[in-house]
Each structure stands twice: as C-alpha cells, then as structure tokens.
>>> print(open('coords-v3.tsv').read())   # TSV, C-alpha atoms
chain	number	residue	atom	x	y	z
T	21	MET	CA	-11.13	-157.48	6.77
T	22	LYS	CA	-12.94	-159.40	4.04
T	23	GLU	CA	-16.48	-158.21	3.31
T	24	THR	CA	-17.91	-161.61	4.26
T	25	ASP	CA	-16.19	-161.57	7.68
T	26	LYS	CA	-18.78	-159.11	9.00
T	27	PHE	CA	-21.57	-161.60	8.24
T	28	THR	CA	-20.39	-164.15	10.82
T	29	ASP	CA	-22.97	-165.00	13.48
T	30	SER	CA	-25.49	-162.40	12.35
T	31	ASN	CA	-29.00	-163.11	13.64
T	32	LEU	CA	-30.26	-159.57	13.07
T	33	MET	CA	-33.22	-159.66	10.68
T	34	GLU	CA	-33.40	-156.45	8.68
T	35	GLY	CA	-36.58	-155.24	7.03
T	36	MET	CA	-40.23	-156.16	7.19
T	37	VAL	CA	-39.95	-159.03	4.69
T	38	SER	CA	-37.38	-160.78	6.87
T	39	VAL	CA	-39.29	-160.09	10.08
T	40	ARG	CA	-42.51	-161.49	8.60
T	41	ALA	CA	-40.65	-164.61	7.49
T	42	VAL	CA	-39.34	-165.20	11.00
T	43	LEU	CA	-42.81	-164.69	12.46
T	44	GLU	CA	-44.26	-167.16	9.93
T	45	GLY	CA	-41.62	-169.67	10.95
T	46	MET	CA	-42.52	-169.15	14.60
T	47	ALA	CA	-46.22	-169.56	13.89
T	48	GLY	CA	-45.86	-172.59	11.62
T	49	GLY	CA	-43.15	-174.41	13.52
T	50	THR	CA	-40.81	-174.50	10.51
T	51	ASN	CA	-37.89	-173.70	12.78
T	52	ASP	CA	-37.12	-172.74	16.35
T	53	ARG	CA	-35.77	-169.22	15.77
T	54	ARG	CA	-37.41	-166.63	17.99
T	55	ILE	CA	-37.49	-162.82	18.01
T	56	THR	CA	-36.10	-161.50	21.29
T	57	GLU	CA	-36.61	-157.77	20.60
T	58	LEU	CA	-37.72	-155.59	17.73
T	59	PHE	CA	-36.62	-152.07	16.82
T	60	TYR	CA	-39.00	-149.79	14.92
T	61	ALA	CA	-38.11	-146.36	13.54
T	62	GLU	CA	-40.14	-143.61	15.17
T	63	ASP	CA	-40.59	-141.77	11.86
T	64	ARG	CA	-42.65	-144.77	10.59
T	65	THR	CA	-45.12	-144.92	13.46
T	66	LYS	CA	-47.69	-142.65	11.80
T	67	SER	CA	-47.20	-143.53	8.13
T	68	HIS	CA	-47.18	-147.29	8.90
T	69	ALA	CA	-49.61	-147.38	11.82
T	70	LYS	CA	-51.34	-150.60	10.64
T	71	GLU	CA	-48.01	-152.38	10.26
T	72	LEU	CA	-46.93	-151.33	13.74
T	73	ALA	CA	-50.28	-152.44	15.17
T	74	TRP	CA	-49.85	-155.86	13.54
T	75	LEU	CA	-46.34	-156.17	14.95
T	76	SER	CA	-47.58	-155.11	18.38
T	77	HIS	CA	-50.11	-157.96	18.36
T	78	ARG	CA	-47.34	-160.43	17.39
T	79	ALA	CA	-45.13	-159.00	20.13
T	80	GLN	CA	-47.85	-159.65	22.72
T	81	GLU	CA	-48.46	-163.12	21.30
T	82	TYR	CA	-44.81	-164.19	21.36
T	83	GLY	CA	-43.52	-162.10	24.25
T	84	PHE	CA	-40.91	-159.80	22.75
T	85	PRO	CA	-40.58	-156.01	23.30
T	86	ILE	CA	-40.80	-153.37	20.57
T	87	HIS	CA	-38.44	-150.42	20.91
T	88	ILE	CA	-39.52	-147.24	19.13
T	89	CYS	CA	-36.28	-145.44	18.35
T	90	PRO	CA	-34.60	-143.03	15.92
T	91	ALA	CA	-33.71	-144.53	12.54
T	92	ALA	CA	-30.05	-143.66	13.22
T	93	GLU	CA	-30.06	-146.13	16.10
T	94	ILE	CA	-31.23	-148.90	13.77
T	95	ASP	CA	-28.62	-147.84	11.19
T	96	ALA	CA	-25.90	-148.34	13.81
T	97	LEU	CA	-27.04	-151.91	14.51
T	98	CYS	CA	-27.53	-153.07	10.92
T	99	ILE	CA	-25.12	-154.74	8.55
T	100	GLY	CA	-26.97	-153.50	5.48
T	101	ASN	CA	-28.81	-150.28	4.71
T	102	THR	CA	-32.14	-151.61	3.41
T	103	HIS	CA	-33.84	-152.27	6.72
T	104	GLY	CA	-36.60	-149.74	6.04
T	105	GLY	CA	-36.83	-148.86	9.71
T	106	VAL	CA	-37.53	-152.38	11.02
T	107	LEU	CA	-34.99	-154.63	12.73
T	108	ALA	CA	-35.38	-157.76	14.84
T	109	ARG	CA	-32.79	-159.33	17.09
T	110	CYS	CA	-33.31	-163.10	17.04
T	111	THR	CA	-32.04	-166.28	18.57
T	112	ALA	CA	-29.98	-168.66	16.47
T	113	ARG	CA	-31.80	-171.38	14.58
T	114	SER	CA	-30.90	-174.96	15.39
T	115	ILE	CA	-30.61	-177.11	12.27
T	116	PRO	CA	-31.13	-180.85	12.89
T	117	THR	CA	-28.86	-183.51	11.45
T	118	LEU	CA	-30.18	-185.55	8.54
T	119	THR	CA	-30.57	-189.18	9.62
T	120	GLU	CA	-32.35	-192.32	8.48
T	121	SER	CA	-35.24	-191.37	10.77
T	122	THR	CA	-35.67	-187.85	9.37
T	123	PRO	CA	-39.22	-187.57	7.98
T	124	LEU	CA	-38.89	-186.93	4.24
T	125	PRO	CA	-41.83	-186.02	1.98
T	126	PRO	CA	-42.90	-189.17	0.10
T	127	ASN	CA	-42.99	-187.49	-3.31
T	128	GLY	CA	-40.60	-184.72	-2.52
T	129	PHE	CA	-38.01	-182.51	-4.14
T	130	CYS	CA	-35.03	-181.80	-1.89
T	131	VAL	CA	-31.75	-180.05	-2.65
T	132	MET	CA	-28.24	-180.11	-1.23
T	133	LEU	CA	-26.09	-177.03	-1.79
T	134	GLU	CA	-22.33	-177.30	-1.39
T	135	GLY	CA	-19.53	-174.81	-1.81
T	136	ILE	CA	-21.40	-171.54	-2.36
T	137	GLU	CA	-18.83	-168.94	-1.33
T	138	ASP	CA	-21.02	-165.94	-0.56
T	139	PRO	CA	-24.06	-165.48	1.73
T	140	TYR	CA	-25.88	-163.34	-0.83
T	141	ASN	CA	-25.57	-166.04	-3.51
T	142	PHE	CA	-26.63	-168.62	-0.95
T	143	GLY	CA	-29.72	-166.53	-0.23
T	144	TYR	CA	-30.48	-166.01	-3.93
T	145	ALA	CA	-30.35	-169.79	-4.41
T	146	MET	CA	-32.74	-170.27	-1.49
T	147	ARG	CA	-35.18	-167.79	-3.02
T	148	SER	CA	-35.27	-169.66	-6.34
T	149	LEU	CA	-35.49	-173.08	-4.72
T	150	TYR	CA	-38.44	-172.03	-2.60
T	151	ALA	CA	-40.21	-170.45	-5.56
T	152	SER	CA	-39.69	-173.61	-7.62
T	153	GLY	CA	-41.44	-175.74	-5.02
T	154	ALA	CA	-38.50	-177.48	-3.34
T	155	ASP	CA	-39.52	-179.10	-0.06
T	156	ALA	CA	-36.30	-178.97	1.98
T	157	VAL	CA	-32.65	-177.97	1.80
T	158	ILE	CA	-29.77	-180.11	2.98
T	159	LEU	CA	-26.67	-178.24	4.11
T	160	SER	CA	-23.06	-179.26	4.52
T	161	PRO	CA	-21.53	-178.66	7.98
T	162	ARG	CA	-19.94	-175.46	6.66
T	163	ASN	CA	-22.81	-173.28	5.49
T	164	TRP	CA	-23.98	-169.69	5.56
T	165	MET	CA	-26.81	-170.03	8.08
T	166	THR	CA	-24.67	-168.32	10.72
T	167	ALA	CA	-25.17	-165.22	8.56
T	168	ALA	CA	-28.91	-165.76	8.84
T	169	GLY	CA	-29.89	-162.12	8.53
T	170	ILE	CA	-28.05	-161.67	5.24
T	171	VAL	CA	-29.33	-164.97	3.88
T	172	CYS	CA	-32.91	-164.16	4.90
T	173	ARG	CA	-32.81	-160.75	3.23
T	174	ALA	CA	-31.22	-162.11	0.03
T	175	SER	CA	-33.75	-164.95	-0.11
T	176	ALA	CA	-36.75	-162.62	0.46
T	177	GLY	CA	-37.51	-164.62	3.60
T	178	ALA	CA	-37.43	-168.04	1.93
T	179	SER	CA	-34.62	-169.34	4.12
T	180	GLU	CA	-36.81	-169.05	7.22
T	181	ARG	CA	-39.67	-170.94	5.56
T	182	PHE	CA	-37.63	-173.98	4.51
T	183	PRO	CA	-37.11	-177.12	6.56
T	184	MET	CA	-33.33	-177.54	6.70
T	185	TYR	CA	-31.03	-180.37	7.74
T	186	VAL	CA	-27.26	-180.76	7.99
T	187	SER	CA	-25.53	-183.80	6.55
T	188	GLU	CA	-21.96	-184.83	7.28
T	189	SER	CA	-21.41	-185.40	3.56
T	190	GLY	CA	-23.19	-185.49	0.23
T	191	ALA	CA	-22.58	-189.23	-0.01
T	192	ASN	CA	-24.26	-189.82	3.34
T	193	ALA	CA	-27.23	-187.66	2.31
T	194	ALA	CA	-27.53	-189.54	-0.99
T	195	ASP	CA	-27.67	-192.88	0.85
T	196	ILE	CA	-30.45	-191.63	3.13
T	197	PHE	CA	-32.52	-190.27	0.25
T	198	ARG	CA	-32.01	-193.39	-1.86
T	199	ALA	CA	-33.25	-195.52	1.03
T	200	ALA	CA	-36.37	-193.33	1.04
T	201	GLY	CA	-36.99	-194.04	-2.65
T	202	TYR	CA	-35.55	-190.83	-4.09
T	203	LYS	CA	-33.74	-190.50	-7.42
T	204	ILE	CA	-30.27	-188.95	-6.93
T	205	ILE	CA	-29.41	-186.22	-9.45
T	206	CYS	CA	-26.03	-184.48	-9.52
T	207	ALA	CA	-25.12	-181.38	-11.51
T	208	ASP	CA	-21.74	-181.84	-13.20
T	209	ILE	CA	-20.09	-182.09	-16.63
T	210	ALA	CA	-18.29	-185.45	-16.89
T	211	ASP	CA	-20.46	-188.34	-18.13
T	212	SER	CA	-23.50	-186.07	-18.05
T	213	VAL	CA	-26.69	-185.73	-20.06
T	214	PRO	CA	-28.43	-182.46	-20.90
T	215	MET	CA	-30.83	-181.37	-18.20
T	216	TYR	CA	-33.76	-181.40	-20.64
T	217	ASP	CA	-33.12	-185.05	-21.57
T	218	ALA	CA	-32.97	-186.33	-18.00
T	219	ASP	CA	-35.83	-187.90	-16.07
T	220	LEU	CA	-36.30	-185.51	-13.14
T	221	SER	CA	-39.59	-186.89	-11.89
T	222	ARG	CA	-40.25	-186.83	-8.17
T	223	PRO	CA	-39.17	-187.95	-5.67
T	224	VAL	CA	-35.82	-186.39	-6.51
T	225	PHE	CA	-32.76	-185.33	-4.53
T	226	LEU	CA	-30.67	-182.72	-6.37
T	227	ILE	CA	-27.05	-182.08	-5.41
T	228	VAL	CA	-25.37	-178.90	-6.66
T	229	GLY	CA	-21.69	-178.25	-5.98
T	230	GLY	CA	-19.77	-175.01	-5.83
T	231	GLU	CA	-18.02	-173.41	-8.77
T	232	ARG	CA	-14.55	-174.12	-7.39
T	233	ARG	CA	-14.69	-177.67	-6.04
T	234	GLY	CA	-17.75	-179.11	-7.75
T	235	ILE	CA	-19.11	-182.44	-6.50
T	236	SER	CA	-16.80	-185.11	-5.10
T	237	ARG	CA	-16.32	-188.45	-6.86
T	238	ALA	CA	-17.79	-190.22	-3.85
T	239	VAL	CA	-21.05	-188.33	-4.38
T	240	LEU	CA	-21.07	-188.69	-8.16
T	241	LYS	CA	-20.84	-192.47	-7.75
T	242	LYS	CA	-24.18	-192.33	-5.91
T	243	ALA	CA	-25.97	-190.53	-8.76
T	244	ASP	CA	-28.74	-192.06	-10.83
T	245	ALA	CA	-28.03	-189.33	-13.37
T	246	VAL	CA	-25.48	-186.56	-13.82
T	247	VAL	CA	-26.96	-183.57	-15.62
T	248	ARG	CA	-25.48	-180.49	-17.22
T	249	LEU	CA	-26.73	-177.11	-18.38
T	250	ASP	CA	-26.19	-176.66	-22.11
T	251	TYR	CA	-25.61	-173.09	-23.28
T	252	GLY	CA	-27.22	-171.22	-26.15
T	253	ARG	CA	-23.80	-170.29	-27.60
T	254	PRO	CA	-20.14	-171.32	-27.18
T	255	PHE	CA	-19.04	-170.12	-23.73
T	256	ASP	CA	-16.20	-171.39	-21.56
T	257	GLY	CA	-17.42	-169.83	-18.33
T	258	ALA	CA	-19.30	-171.69	-15.64
T	259	LEU	CA	-22.54	-170.43	-14.16
T	260	SER	CA	-22.57	-169.73	-10.45
T	261	ALA	CA	-23.81	-172.54	-8.22
T	262	ALA	CA	-26.79	-170.36	-7.27
T	263	SER	CA	-27.72	-169.84	-10.94
T	264	ALA	CA	-27.30	-173.53	-11.75
T	265	ALA	CA	-29.44	-174.55	-8.78
T	266	SER	CA	-32.15	-172.10	-9.86
T	267	ILE	CA	-32.28	-173.34	-13.46
T	268	LEU	CA	-32.29	-177.01	-12.46
T	269	ALA	CA	-34.95	-176.44	-9.81
T	270	PHE	CA	-37.35	-174.89	-12.31
T	271	GLU	CA	-36.74	-177.69	-14.79
T	272	ILE	CA	-37.68	-180.14	-12.02
T	273	TYR	CA	-40.80	-178.05	-11.42
T	274	ARG	CA	-41.60	-178.09	-15.17
T	275	GLN	CA	-41.28	-181.85	-15.41
T	276	ASN	CA	-43.48	-182.39	-12.34
T	277	ARG	CA	-46.19	-179.78	-12.90
T	278	SER	CA	-49.03	-182.31	-13.19
T	279	SER	CA	-48.12	-184.18	-10.02
T	280	THR	CA	-47.55	-181.04	-7.93
T	281	GLN	CA	-50.80	-179.40	-9.05
T	282	GLU	CA	-53.05	-182.36	-8.23
>>> encode(input="coords-v3.tsv", output="structure tokens")
Amino acid sequence: MKETDKFTDSNLMEGMVSVRAVLEGMAGGTNDRRITELFYAEDRTKSHAKELAWLSHRAQEYGFPIHICPAAEIDALCIGNTHGGVLARCTARSIPTLTESTPLPPNGFCVMLEGIEDPYNFGYAMRSLYASGADAVILSPRNWMTAAGIVCRASAGASERFPMYVSESGANAADIFRAAGYKIICADIADSVPMYDADLSRPVFLIVGGERRGISRAVLKKADAVVRLDYGRPFDGALSAASAASILAFEIYRQNRSSTQE
C-alpha cells in the first residue's frame, strides 16, 4: 500500500492546534465542519487542566462529548504520532463550487493549486498562503481535502481557516475572477517574466500548477502575466509546487503591503 493511501477520507483532527482551528472555523462560520466527539488522554488531565476546561466549555457549547481515555487508545486511532493526547473525530467539510455568484473579496488575493501530489505538501502550501494574507483557495475537483486531518496538521490549522471553493477547471476559474476585475497570474516558464518584474497588485488570482503537469495551455491563454522564479545560481531542478506557491504569495504580499495595511 502506498503511504498516501492511508490518508483517504481522514477527518480525524490530531493535536490541539488542529482542534483549535476546527473550533475557530465552527465559531466563525468559515466552514461547516463539526466535531462529533473528542478524545483526551487521561495523563494530561492534571498537567493541562486549563486546556481541558476550555475544551469542556466548547463541548457544552457545540454539543460534542469528550472521552477521557488512555493515550494508547488515541494512538490506535491516529494516522500520525504527534497528536499530543488530543484527537477529534469530525464531519466532512463541504466545499462549494466556484460560480459567477460566489462572493469574492473586492481587492482580494486568491490562489488556485493544481497537481500537488502529497497531502503534506498541500498542507505546507496552505500554511504559507494563509500567512502571506491570501483570502481564499480554489481547488481542482481532485484535491487533498479528503485527507483533511493530515492537511490541517501540516498547515498548522490554516486549511480550516480558509474559505475554499472547487472549480471544474483553471480556465473556468480564471474567467470568473476576470469578470470580477482580478488580474490573472500564472506560474510557468514559457513566455514568462521574472516574478520581481511583474505587476502583482491586487486584486490578483494566482494559479500554480504541479511539478509534473504544470498549467494547461487553456489556462495560460487566460493569463495577464506568466511569471517565473529566477534562481540565485544555475540549477536545472524545479521547485515543488508548494515552495513556488509560498514564494509567489509572499512577493504578492510584499508588493501590496501598503494597501493591505491601511
């Protein structure tokens, strides 16, 4: 069995960072995921009494039980081994389809990720995008949100805080964002300009393809600019899609610092 096969349909949120992110999403209405039950290691009940008390209040507020149990019981349920004695079983998150009527931020920064082959890398990209100030993530129909627990942990909870939408294709998403006044930016090599020479002012829709397939011609034809990442030395290797998305996102943040800090 491939390592990634065990991540399919995983809505177990491991660790306090992930659990807090889900609770924030529940409180803020970012998404419709809900905790159905929470497991808490009995050897933490005294050393983390305030944390348990806080969780108990949230459990009463949202109507889910807390099971105090041996850590070995949590180990048996988890995919990873960094749960720290806290595990939540959750419902799946429904991700709406991107349409012409989807409310988009008027001066926003949104990103579409395609072709990332690993849920950890997908989560790492989400973490960087959230930190850079991105407003929403657009997903292709095949994405890693079925492995929500892994993605949430890798993203330090960012994936649960993002508005997300699914688009049937990058070209369709580009058309919707262009109609909303967004600049379409694609990351690729052919006919590209260096990232630092491109106008990345908001509102901007960034499309990043995977290392293997890149971005389709149909999508590239929609671009206002195709940008590349120049290297500091000769190097034939390509950066991962997650790394490229992170670097581009922070350059977009850099170019828009004045407008985002007003």
>>> residues_around(input="coords-v3.tsv", residues="region 176-188 of chain T", least_positions_apart="6", cutoff="7 Å", atoms="only C-alpha atoms", output="number ranges by chain")
T: 37-38, 41-42, 45, 50, 115-118, 146-147, 150, 156-161
>>> closest_residue(input="coords-v3.tsv", among="T:Ser175, T:Asn192, T:Ser148, T:Ser67", to="Ala269 (chain T)", atoms="all atoms listed in the file")
T:Ser148
>>> residues_around(input="coords-v3.tsv", residues="Tyr140 (chain T)", least_positions_apart="2", cutoff="8 Å", atoms="all atoms listed in the file", output="ChimeraX atom specification")
/T:138,142-144,170-171,174
>>> atom_distance(input="coords-v3.tsv", atom1="CA of Ser76 (chain T)", atom2="CA of Ala168 (chain T)")
23.5 Å
>>> closest_residue(input="coords-v3.tsv", among="T:Ile267, T:Cys89, T:Ala200, T:Leu32", to="Ala108 (chain T)", atoms="all atoms listed in the file")
T:Leu32
>>> atom_distance(input="coords-v3.tsv", atom1="CA of Arg78 (chain T)", atom2="CA of Val39 (chain T)")
10.9 Å
>>> atom_distance(input="coords-v3.tsv", atom1="CA of Ala258 (chain T)", atom2="CA of Ile209 (chain T)")
10.5 Å
>>> closest_atom_pairs(input="coords-v3.tsv", of="region 224-254 of chain T", to="region 210-214 of chain T", cutoff="9 Å", atoms="only C-alpha atoms", output="CSV")
residue,atom,partner,partner_atom,distance
T:Ala245,CA,T:Ser212,CA,7.3
T:Val246,CA,T:Ser212,CA,4.7
T:Val247,CA,T:Ser212,CA,4.9
T:Arg248,CA,T:Pro214,CA,5.1
T:Leu249,CA,T:Pro214,CA,6.2
T:Asp250,CA,T:Pro214,CA,6.3
>>> write_last_selection(input="coords-v3.tsv", atoms="C-alpha atoms", output="compact mmCIF listing (two decimals), keeping the file's coordinate frame")
# COMPACT_ATOMS: atom_id res chain seq x y z
CA ALA T 245 -28.03 -189.33 -13.37
CA VAL T 246 -25.48 -186.56 -13.82
CA VAL T 247 -26.96 -183.57 -15.62
CA ARG T 248 -25.48 -180.49 -17.22
CA LEU T 249 -26.73 -177.11 -18.38
CA ASP T 250 -26.19 -176.66 -22.11
